[in-house]
Amino acid sequence: MYYLINNVLEECSAEQCHDAAVPYVAILTPAQWAEQSENFDMGLDFDISNDDIFTTKAEVNYDSLTGTFFIPTQSSHSSLPQKFSYALDETGIVFIDSSDTVLSLVKRIQRLKKWKKPSLERFFYDFLELIIHNDLLIMQGYERELDRLEKDILEDAESADMSRNNDIRGDIRDLRIHYEQLLDLGQELEENENGFFNEENLRYFSMFSSRVERLYNAATHLRDYTIQLNDLYQSQLDVHQNRVMTVLTVVTTIFMPLTLIVGWYGMNFKYMPELESQIGYPIVIVLSILIVVGSLLFFKKKKIL
């Protein structure tokens with residue numbers, strides 16, 4: 001697919017794309033790129049395989065700027081990461097994509113965008129914006145989940161689903177890496193080392209970098225939140241365990257005098273006067289009750305119970 005960057009994206013043929021005086025957008029499969037790469041006069045001689053793409057980056061060449069996009073599943077809303085390559089110079093940009101990822105984004109730009117001052121920089125800015133346009137909503141969704149998890153921990157730590165907290169931390173880690181790479185990409189575009197971009201239009205890439213930086217900071221905040229929830233969960237478990245240990249300690253303390261009494265009168269010596277007394281047994285019962293009640297009152301006064 002080929003498009004000309006006028007006030008709107010206009011679909012065109014390959015011949016019109018190469019002959020036009022305005023910047024173009026080309027979307028090719030790896031096989032089509034292998035056949036048609038010489039037609040773009042970008043001085044490139046390399047094979048592109050989307051299977052080998054694992055990062056988002058930009059590389060400055062003598063006659064072109066090339067790179068790759070790796071969009072994680074959290075941002076792409078798909079079951080697999082989205083991968084594609086690109087090459088650009090002052091005349092236009094070529095995307096090499098084995099899926100429909102780029103085509104769907106470009107179609108959306110064609111449907112929604114209309115420019116007063118069309119340019120390659122403005123198109124590429126809108127393209128980059130579409131990659132991250134839903135990410136703030138993703139962050140807000142994660143934050144709501146973490147808020148609910150925090151309430152669950154405070155109410156009953158043992159029943160809280162901490163596995164979800166670990167899943168979110170993993171997702172946030174992937175997004176932070178994604179944003180770091182996008183920041184590097186934006187800075188590379190701003191530097192404009194080959195002079196492909198109009199200096200006046202470099203502000204678009206600065207705007208993009210600023211937005212990505214805000215997303216990166218939001219992701220960092222959420223990562224710290226997940227760590228705090230882990231600490232809160234552990235502290236709540238410790239509090240519960242301390243309560244259990246306190247109860248066991250109180251019970252043990254209360255029954256220690258009773259155990260002493262049982263052991264003392266269990267010796268059954270011949271001349272123990274209490275063994276012959278008719279009120280010996282009731283006295284031991286009353287004494288045991290007094291010990292238990294007195295111990296409970298003592299622990300309650302000390303706010304141990």
# chains A, B, ... in the order shown; residues from 1 in each chain; ligands from 1
call {"tool": "residues_around", "arguments": {"residues": "range 207-212 of chain A", "least_positions_apart": "5", "cutoff": "10 Å", "atoms": "only C-alpha atoms", "output": "PyMOL selection string"}}
result
chain A and resi 125-126+128-129+132-133+135+176+178-187+189-190+202+217-218
call {"tool": "write_last_selection", "arguments": {"atoms": "C-alpha atoms", "output": "compact mmCIF listing (two decimals), in the first residue's frame"}}
result
# COMPACT_ATOMS: atom_id res chain seq x y z
CA TYR A 125 4.18 12.06 15.07
CA ASP A 126 0.57 10.97 14.61
CA LEU A 128 3.81 7.36 17.11
CA GLU A 129 0.92 8.83 19.09
CA ILE A 132 0.66 4.90 22.91
CA HIS A 133 -2.74 6.61 22.76
CA ASP A 135 -1.58 3.56 27.45
CA ARG A 176 8.79 0.73 31.29
CA HIS A 178 8.97 -0.03 26.03
CA TYR A 179 8.86 3.62 27.12
CA GLU A 180 12.61 3.78 27.63
CA GLN A 181 13.09 2.61 24.05
CA LEU A 182 10.50 5.09 22.75
CA LEU A 183 12.29 7.89 24.59
CA ASP A 184 15.54 6.90 22.88
CA LEU A 185 13.69 6.85 19.56
CA GLY A 186 12.22 10.31 20.15
CA GLN A 187 15.63 11.73 21.07
CA LEU A 189 14.48 11.81 15.80
CA GLU A 190 14.95 15.18 17.54
CA LEU A 202 11.14 18.87 15.28
CA ASN A 217 6.91 8.21 35.23
CA ALA A 218 3.40 6.80 35.68
call {"tool": "closest_atom_pairs", "arguments": {"of": "range 207-287 of chain A", "to": "range 150-158 of chain A", "cutoff": "7 Å", "atoms": "only C-alpha atoms", "output": "CSV"}}
result
residue,atom,partner,partner_atom,distance
A:Leu229,CA,A:Glu150,CA,6.6
A:Tyr233,CA,A:Ile153,CA,6.0
A:Gln236,CA,A:Ala157,CA,6.2
A:Leu237,CA,A:Ala157,CA,6.5
call {"tool": "atom_distance", "arguments": {"atom1": "CA of Leu297 in chain A", "atom2": "CA of Ile283 in chain A"}}
result
20.8 Å
call {"tool": "closest_residue", "arguments": {"among": "A:Pro282, A:Val8, A:Gln140, A:Thr226", "to": "Ser163 in chain A", "atoms": "only C-alpha atoms"}}
result
A:Thr226
call {"tool": "atom_distance", "arguments": {"atom1": "CA of Val106 in chain A", "atom2": "CA of Ile71 in chain A"}}
result
15.9 Å
call {"tool": "residues_around", "arguments": {"residues": "Gly294 in chain A", "least_positions_apart": "6", "cutoff": "10 Å", "atoms": "only C-alpha atoms", "output": "tab-separated table (two decimals) with N, CA and C atoms, in the first residue's frame"}}
result
chain	number	residue	atom	x	y	z
A	254	ILE	N	-1.34	-18.49	81.50
A	254	ILE	CA	-2.46	-18.75	82.40
A	254	ILE	C	-2.39	-20.17	82.98
A	288	SER	N	-7.94	-22.46	91.28
A	288	SER	CA	-7.67	-22.50	89.83
A	288	SER	C	-8.49	-21.45	89.10
A	300	LYS	N	-5.79	-8.09	80.34
A	300	LYS	CA	-6.69	-7.10	79.77
A	300	LYS	C	-6.29	-5.71	80.21
call {"tool": "atom_distance", "arguments": {"atom1": "CA of Gly67 in chain A", "atom2": "CA of Tyr2 in chain A"}}
result
19.5 Å
